[in-house]
Amino acid sequence: MRWHQMEIKDILEALKTSSGGLTGTDAERRLSEYGLNRLKEAKKKTPFLILLDQFKDFMILVLIGAAIISGVIGDPEDTIVIVIIVFLNALIGFVQEYRAEKALEALKAMATPVVTVRRDGKLAKVCSEDIVPGDIIILDAGMMLPADLRLIEVSRLKVMEAALTGESVPIDKDIYPINDEHVPLAERKNMAYKGTSITYGRGAGVVVETGMQTELGKIAAMLQEEEETKTPLQKRLAIFGRRLAITLMAVCGLVFTIGIIRGEPPLIMFLTALSLAVAAIPESLPAVVTISLAIGARKMVRQSALIRRLPAVETLGSVTYICTDKTGTLTMNKMAVEEIYVDGKIILGSDVGAIHELPLPHQTLLRAMALNNDAAYGGDGRPLGDPTEVALFTAAEKAGFDKKLVESRFKRIAEIPFDSDRKCMTTIHEDPEGGFLSITKGAIEVILDKSVNTLTSQGSIDINREEIVRISERMAADGLRILGHGIRRFDVLPDGIHARDIECNLILIGMVGIMDPPREEVAEAVALCRSAGIHPVMITGDHPITARAIARRIGIIDDGGEIMTGTKLERMPMEEFEKKVKDIRVYARVAPEQKLKIVKALQDDGEFVAMTGDGVNDAPAIKRADIGIAMGILGTDVAKEASDMVLLDDNFATIVRAVAEGRHIYDNIRKFVRYLLATNSGEIWTVFLAPLVGLPMPLLPIHLLWINLVTDGLPALALSVEPPEGNVMRRPPRHPKENLFAGGLWQHVLWVGLLMGGICLFTQALAIKTGSHWQTMVFTVLGLLQMGHVLAIRSERESLFTQGLFSNRPLFGAVFLTFALQIIIIYTPFMQRIFKTESLSPKELLISITLALVVFFAVEIEKFLKRRGSYG
């Protein structure tokens, strides 16, 4: 049903009700037919199933298999490490998913518990869940609407719909039918929706939709239907895990086969192959990723960004589009006076208070702004009232016209309230100089029609109507809401206070341009986003003119940029829209499902999308986006619960800092992967190539496991706290489909791994030839090679000598500790028995350390060539 198009009598007839309401019997019957007026929840997974789901990730399954293998070969230490890491990740995932299920509960909490209805011709208090279609609801200021209503009675009724439509000011409501079938929610002035609130006036409405059929219910349904997409990191790690497992199975099988062919003992070869598999599987990868993300999340909380899902930290680094709501996100969500036209001049609202001696026209206008105003200070010291009036009240007070003081001289004795037909309101005051003063405020075109003169410094003169129209049109084009003010003096008031007698022959004293202004820091944040290759997009339920004005001021759109309205978007096929979506920067008058359509179209085109917002209307798109960002101060609980990240200061600029941190974290994860795979491949090449060149098995299973646990563990974890590189926000986002091994990573892994294997085999051959302790030397060289490598890869381009050895103290400590542990294993008799090592002579130890430095200097040469542009 298009309820907004129907006459009241037709609606009452269609719902089989009357202005006196339903009977108690009818209400009970309809309650059983339509069900309770509540938001239904999708079938929830039990905590056990949520926990079980954490073990379905392919990487986790590989790690469980590694734990089993480790147990088979009798290495409980490695088994314990793997099991702890697996269950720690499962626990973290469980907690995140369990908390995310609260979105619908927040939606349900928005309902008013008890409402007043007409039943059997009388007023009755009814639980909001028992409301049914056909009920007549009595509306008063301050109440939250329990269902979707078609208004049938209004008296100066205003409804705040910002959370549902994005409108930043309360909407004046009426009861008249609207002909347009596709008119946006924000323009349906004869409707009031569940979850919105009444700020002023009173009225009555007939319930037309309840529960999941309401506009709020449709949003709840979309939240249930939208599946959360995997983050780029999750996708890359899943691909990496599958490929690694397949490769390792092949390599280990080959090592076992070659050993058997060469006549090695089958049991030893079986244990060696299994040990190689365990050593090569990066069991610390999920732990390092989680720790890296957790460190980033902790740092971001200090920067006013609360991370609700750890992978969202990394996702920020991949974002190519940020779709942001206007009201409360890019703007202050508070109306303010931007411009004042008085005495033939334009004055910025912020400059009025700085004028020391105000001319008479300025004083008259500012006094009128204070007197013709129902705003007042509340108990908490903040001004309360209609947002437009609060803006006028605040501007007048800043200029020295305190309402209480002014009213003590100009006592209000009567008023003619605003109504949507006259489009103005009038207050009448006693004039301390004698007689009476009327002040009329309203739309500038209305005040202009009612005025005969205008006030200037030279006195009252004829109005230059062309100039007033020209200036008002320019102000309107800048997105300002324009209010004119006119006055009239009476020696004696006419009998009866009627608009036709008072609101005529006015003197126009000026006009005021009001808007919800952009936040001061947003323009800079938008510029930073663009320098980082990220496209900011405004999506709002507000008017296109207002949207364009704000977008132009903060740099989202140029003067000629296209703005797409919700009506045009609704009629556009998805295929056609997907061709245009990447070029559109501003959307106005959009509905919640259209925000979802925009996000999906960008994602279908291969983009990674962040959606910011604060209202109920943003929640489905926030949940669907690759990363959803909610406002912490002005945001609704619904938006927060659906989000991945909450901006604690509601500051758009915080997103830029979060993007930088996300890129930094991904850089560190790549460094860890680079280190881990290169060193692990060095182990594989050493064991794999030794039999092929006629050398005995260079390492025992326990040597591989020790290197895996110690040299791969501590230094890799220390890489997670590596400081960011200087170009982190001067490069475009990673392509959403970019492989984890892009940018020369796989080539690095290949040549470094081969170099490590070659050095180890050279060490083995040299030691055998000279009669040295060859196996202990190979064991030592391989461990120390990895320490040199981890120091060299702290940056992909900068030299360690430029960075400084101590700029990452945890890494330096990890390298030192690993070296100390290696020395203990070599020279302590107890450890020698466990690890089958022998004491090296000073010469053997010096040779081992020297050979271990080869990889460090090789990687430094690689970085030098990159800086010169002759490599990578």
# chains A, B, ... in the order shown; residues from 1 in each chain; ligands from 1
>>> closest_atom_pairs(of="range 447-491 of chain A", to="range 542-563 of chain A", cutoff="7 Å", atoms="only C-alpha atoms", output="JSON lines")
{"residue": "A:Ala477", "atom": "CA", "partner": "A:Ile545", "partner_atom": "CA", "distance": 6.4}
{"residue": "A:Asp478", "atom": "CA", "partner": "A:Ala549", "partner_atom": "CA", "distance": 5.1}
{"residue": "A:Gly479", "atom": "CA", "partner": "A:Thr546", "partner_atom": "CA", "distance": 4.0}
>>> write_last_selection(atoms="C-alpha atoms", output="PDB file, in the first residue's frame")
ATOM      1  CA  ALA A 477      22.473  27.596  -3.877  1.00  0.00           C
ATOM      2  CA  ASP A 478      25.115  27.391  -1.133  1.00  0.00           C
ATOM      3  CA  GLY A 479      22.837  25.024   0.783  1.00  0.00           C
TER       4      GLY A 479
END
>>> residues_around(residues="range 399-401 of chain A", least_positions_apart="3", cutoff="10 Å", atoms="only C-alpha atoms", output="NGL selection string")
:A and (349-356 or 358 or 362-363 or 366-371 or 393-396 or 404-407)
>>> residues_around(residues="Leu714 in chain A", least_positions_apart="4", cutoff="9 Å", atoms="only C-alpha atoms", output="PyMOL selection string")
chain A and resi 709-710+718-719+811+814-815+817-818
>>> atom_distance(atom1="CA of Ile138 in chain A", atom2="CA of Ala192 in chain A")
12.2 Å
>>> closest_atom_pairs(of="range 134-251 of chain A", to="range 686-697 of chain A", cutoff="12 Å", atoms="only C-alpha atoms", output="JSON lines")
{"residue": "A:Leu248", "atom": "CA", "partner": "A:Phe688", "partner_atom": "CA", "distance": 11.7}
{"residue": "A:Ala250", "atom": "CA", "partner": "A:Phe688", "partner_atom": "CA", "distance": 11.6}
{"residue": "A:Val251", "atom": "CA", "partner": "A:Phe688", "partner_atom": "CA", "distance": 7.9}
>>> closest_residue(among="A:Gly201, A:Gly869, A:Pro715, A:Gly757", to="Ala678 in chain A", atoms="only C-alpha atoms")
A:Gly757
>>> select_by_dssp(residues="range 104-198 of chain A", states="strand (DSSP E)", output="ChimeraX atom specification")
/A:114-119,122-127,136-140,148-160,171-172,191-192,197-198
>>> write_last_selection(atoms="N, CA, C and O atoms", output="short mmCIF file (atom, residue, chain, number, x, y, z; two decimals), in the first residue's frame")
data_model
loop_
_atom_site.label_atom_id
_atom_site.label_comp_id
_atom_site.auth_asym_id
_atom_site.auth_seq_id
_atom_site.Cartn_x
_atom_site.Cartn_y
_atom_site.Cartn_z
N VAL A 114 5.28 1.78 26.33
CA VAL A 114 3.83 1.98 26.49
C VAL A 114 3.41 3.20 25.69
O VAL A 114 4.10 4.23 25.69
N VAL A 115 2.29 3.10 24.99
CA VAL A 115 1.77 4.22 24.20
C VAL A 115 0.30 4.43 24.50
O VAL A 115 -0.38 3.54 25.03
N THR A 116 -0.19 5.63 24.15
CA THR A 116 -1.60 5.95 24.34
C THR A 116 -2.34 5.75 23.03
O THR A 116 -1.93 6.29 21.99
N VAL A 117 -3.44 4.98 23.07
CA VAL A 117 -4.24 4.70 21.88
C VAL A 117 -5.70 4.99 22.16
O VAL A 117 -6.11 5.14 23.32
N ARG A 118 -6.47 5.09 21.08
CA ARG A 118 -7.93 5.17 21.22
C ARG A 118 -8.50 3.78 21.01
O ARG A 118 -8.31 3.19 19.94
N ARG A 119 -9.11 3.26 22.01
CA ARG A 119 -9.79 1.96 21.92
C ARG A 119 -11.21 2.10 22.47
O ARG A 119 -11.40 2.67 23.56
N LYS A 122 -12.24 5.50 23.67
CA LYS A 122 -11.61 6.08 24.86
C LYS A 122 -10.09 5.97 24.74
O LYS A 122 -9.57 5.15 24.00
N LEU A 123 -9.40 6.81 25.53
CA LEU A 123 -7.94 6.72 25.57
C LEU A 123 -7.53 5.59 26.49
O LEU A 123 -8.10 5.40 27.57
N ALA A 124 -6.53 4.82 26.06
CA ALA A 124 -6.04 3.70 26.87
C ALA A 124 -4.53 3.57 26.69
O ALA A 124 -3.99 3.88 25.63
N LYS A 125 -3.85 3.12 27.77
CA LYS A 125 -2.42 2.84 27.72
C LYS A 125 -2.22 1.39 27.28
O LYS A 125 -2.80 0.48 27.89
N VAL A 126 -1.39 1.19 26.25
CA VAL A 126 -1.20 -0.15 25.70
C VAL A 126 0.29 -0.40 25.51
O VAL A 126 1.03 0.51 25.11
N CYS A 127 0.75 -1.62 25.78
CA CYS A 127 2.14 -2.00 25.51
C CYS A 127 2.40 -1.87 24.01
O CYS A 127 1.57 -2.28 23.19
N ILE A 136 -5.37 3.80 16.57
CA ILE A 136 -5.13 5.24 16.52
C ILE A 136 -4.21 5.59 17.68
O ILE A 136 -4.55 5.40 18.84
N ILE A 137 -3.02 6.11 17.36
CA ILE A 137 -2.00 6.44 18.36
C ILE A 137 -2.04 7.95 18.64
O ILE A 137 -2.08 8.76 17.70
N ILE A 138 -2.02 8.31 19.90
CA ILE A 138 -1.94 9.72 20.29
C ILE A 138 -0.47 10.12 20.39
O ILE A 138 0.33 9.44 21.04
N LEU A 139 -0.13 11.22 19.74
CA LEU A 139 1.26 11.63 19.62
C LEU A 139 1.53 12.89 20.45
O LEU A 139 0.77 13.85 20.38
N ASP A 140 2.64 12.86 21.21
CA ASP A 140 3.07 14.00 22.00
C ASP A 140 4.57 14.19 21.87
O ASP A 140 5.31 13.24 21.57
N ASP A 148 4.70 2.35 12.11
CA ASP A 148 4.55 3.28 10.99
C ASP A 148 3.12 3.80 10.99
O ASP A 148 2.15 3.01 11.01
N LEU A 149 3.00 5.13 10.91
CA LEU A 149 1.68 5.76 11.03
C LEU A 149 1.39 6.62 9.81
O LEU A 149 2.29 7.24 9.25
N ARG A 150 0.09 6.68 9.45
CA ARG A 150 -0.40 7.73 8.55
C ARG A 150 -1.07 8.75 9.44
O ARG A 150 -1.97 8.44 10.23
N LEU A 151 -0.58 9.99 9.38
CA LEU A 151 -1.07 11.03 10.28
C LEU A 151 -2.49 11.45 9.89
O LEU A 151 -2.79 11.64 8.70
N ILE A 152 -3.35 11.61 10.90
CA ILE A 152 -4.73 12.03 10.66
C ILE A 152 -5.08 13.33 11.39
O ILE A 152 -6.07 13.98 11.07
N GLU A 153 -4.27 13.70 12.39
CA GLU A 153 -4.44 14.96 13.10
C GLU A 153 -3.05 15.50 13.43
O GLU A 153 -2.19 14.75 13.89
N VAL A 154 -2.80 16.79 13.18
CA VAL A 154 -1.54 17.39 13.57
C VAL A 154 -1.76 18.80 14.10
O VAL A 154 -2.67 19.51 13.63
N SER A 155 -0.96 19.16 15.09
CA SER A 155 -0.95 20.52 15.59
C SER A 155 0.51 20.91 15.82
O SER A 155 1.12 20.50 16.81
N ARG A 156 1.08 21.62 14.83
CA ARG A 156 2.48 22.04 14.88
C ARG A 156 3.41 20.86 15.14
O ARG A 156 4.40 20.97 15.86
N LEU A 157 3.08 19.74 14.55
CA LEU A 157 3.84 18.51 14.80
C LEU A 157 5.14 18.49 14.01
O LEU A 157 5.16 18.74 12.81
N LYS A 158 6.25 18.18 14.73
CA LYS A 158 7.55 18.03 14.10
C LYS A 158 8.16 16.70 14.54
O LYS A 158 8.11 16.37 15.72
N VAL A 159 8.75 15.99 13.59
CA VAL A 159 9.33 14.67 13.87
C VAL A 159 10.79 14.68 13.44
O VAL A 159 11.13 15.10 12.33
N MET A 160 11.67 14.22 14.34
CA MET A 160 13.10 14.08 14.03
C MET A 160 13.33 12.72 13.39
O MET A 160 13.18 11.69 14.03
N ILE A 171 11.13 17.47 10.88
CA ILE A 171 10.27 17.67 9.71
C ILE A 171 8.89 18.11 10.16
O ILE A 171 8.27 17.48 11.03
N ASP A 172 8.38 19.20 9.56
CA ASP A 172 7.01 19.62 9.81
C ASP A 172 6.07 18.63 9.14
O ASP A 172 6.23 18.31 7.96
N MET A 191 3.37 11.05 6.88
CA MET A 191 3.71 9.76 7.50
C MET A 191 4.66 9.98 8.67
O MET A 191 5.42 10.96 8.71
N ALA A 192 4.63 9.06 9.62
CA ALA A 192 5.60 9.05 10.73
C ALA A 192 6.02 7.60 10.94
O ALA A 192 5.16 6.70 10.91
N SER A 197 11.39 10.12 16.42
CA SER A 197 10.89 10.75 17.65
C SER A 197 10.23 12.08 17.36
O SER A 197 10.60 12.80 16.42
N ILE A 198 9.26 12.44 18.20
CA ILE A 198 8.54 13.71 18.06
C ILE A 198 9.24 14.76 18.90
O ILE A 198 9.47 14.58 20.09
#
>>> residues_around(residues="Glu430 in chain A", least_positions_apart="4", cutoff="9 Å", atoms="only C-alpha atoms", output="number ranges by chain")
A: 409-413, 434-438
>>> write_last_selection(atoms="N, CA, C and O atoms", output="JSON list (two decimals), in the first residue's frame")
[["chain", "number", "residue", "atom", "x", "y", "z"],
["A", 409, "ARG", "N", 13.02, 43.48, 28.77],
["A", 409, "ARG", "CA", 12.66, 44.82, 28.29],
["A", 409, "ARG", "C", 11.52, 44.75, 27.29],
["A", 409, "ARG", "O", 10.65, 45.62, 27.28],
["A", 410, "PHE", "N", 11.55, 43.74, 26.44],
["A", 410, "PHE", "CA", 10.51, 43.57, 25.41],
["A", 410, "PHE", "C", 9.64, 42.36, 25.79],
["A", 410, "PHE", "O", 9.83, 41.26, 25.28],
["A", 411, "LYS", "N", 8.74, 42.56, 26.71],
["A", 411, "LYS", "CA", 7.92, 41.46, 27.24],
["A", 411, "LYS", "C", 6.99, 40.92, 26.16],
["A", 411, "LYS", "O", 6.28, 41.68, 25.49],
["A", 412, "ARG", "N", 7.00, 39.57, 25.98],
["A", 412, "ARG", "CA", 6.10, 38.96, 24.99],
["A", 412, "ARG", "C", 4.69, 38.91, 25.57],
["A", 412, "ARG", "O", 4.47, 38.40, 26.66],
["A", 413, "ILE", "N", 3.73, 39.39, 24.79],
["A", 413, "ILE", "CA", 2.34, 39.40, 25.27],
["A", 413, "ILE", "C", 1.42, 38.54, 24.42],
["A", 413, "ILE", "O", 0.31, 38.19, 24.83],
["A", 434, "GLY", "N", 7.23, 52.68, 24.09],
["A", 434, "GLY", "CA", 5.82, 52.96, 23.91],
["A", 434, "GLY", "C", 5.23, 52.18, 22.76],
["A", 434, "GLY", "O", 5.87, 51.95, 21.74],
["A", 435, "GLY", "N", 4.00, 51.72, 22.95],
["A", 435, "GLY", "CA", 3.33, 50.94, 21.91],
["A", 435, "GLY", "C", 3.77, 49.48, 21.93],
["A", 435, "GLY", "O", 4.21, 48.94, 22.96],
["A", 436, "PHE", "N", 3.65, 48.85, 20.77],
["A", 436, "PHE", "CA", 3.90, 47.42, 20.67],
["A", 436, "PHE", "C", 4.76, 47.13, 19.43],
["A", 436, "PHE", "O", 4.73, 47.86, 18.44],
["A", 437, "LEU", "N", 5.52, 46.02, 19.53],
["A", 437, "LEU", "CA", 6.40, 45.60, 18.43],
["A", 437, "LEU", "C", 6.06, 44.17, 18.04],
["A", 437, "LEU", "O", 6.05, 43.27, 18.89],
["A", 438, "SER", "N", 5.74, 43.97, 16.77],
["A", 438, "SER", "CA", 5.54, 42.60, 16.27],
["A", 438, "SER", "C", 6.77, 42.20, 15.47],
["A", 438, "SER", "O", 7.37, 43.01, 14.76]]
>>> closest_residue(among="A:Thr454, A:Thr440, A:Ser795, A:Thr612", to="Asn808 in chain A", atoms="only C-alpha atoms")
A:Ser795
>>> closest_residue(among="A:Met729, A:Val83, A:Val208, A:Val390", to="His4 in chain A", atoms="only C-alpha atoms")
A:Val208
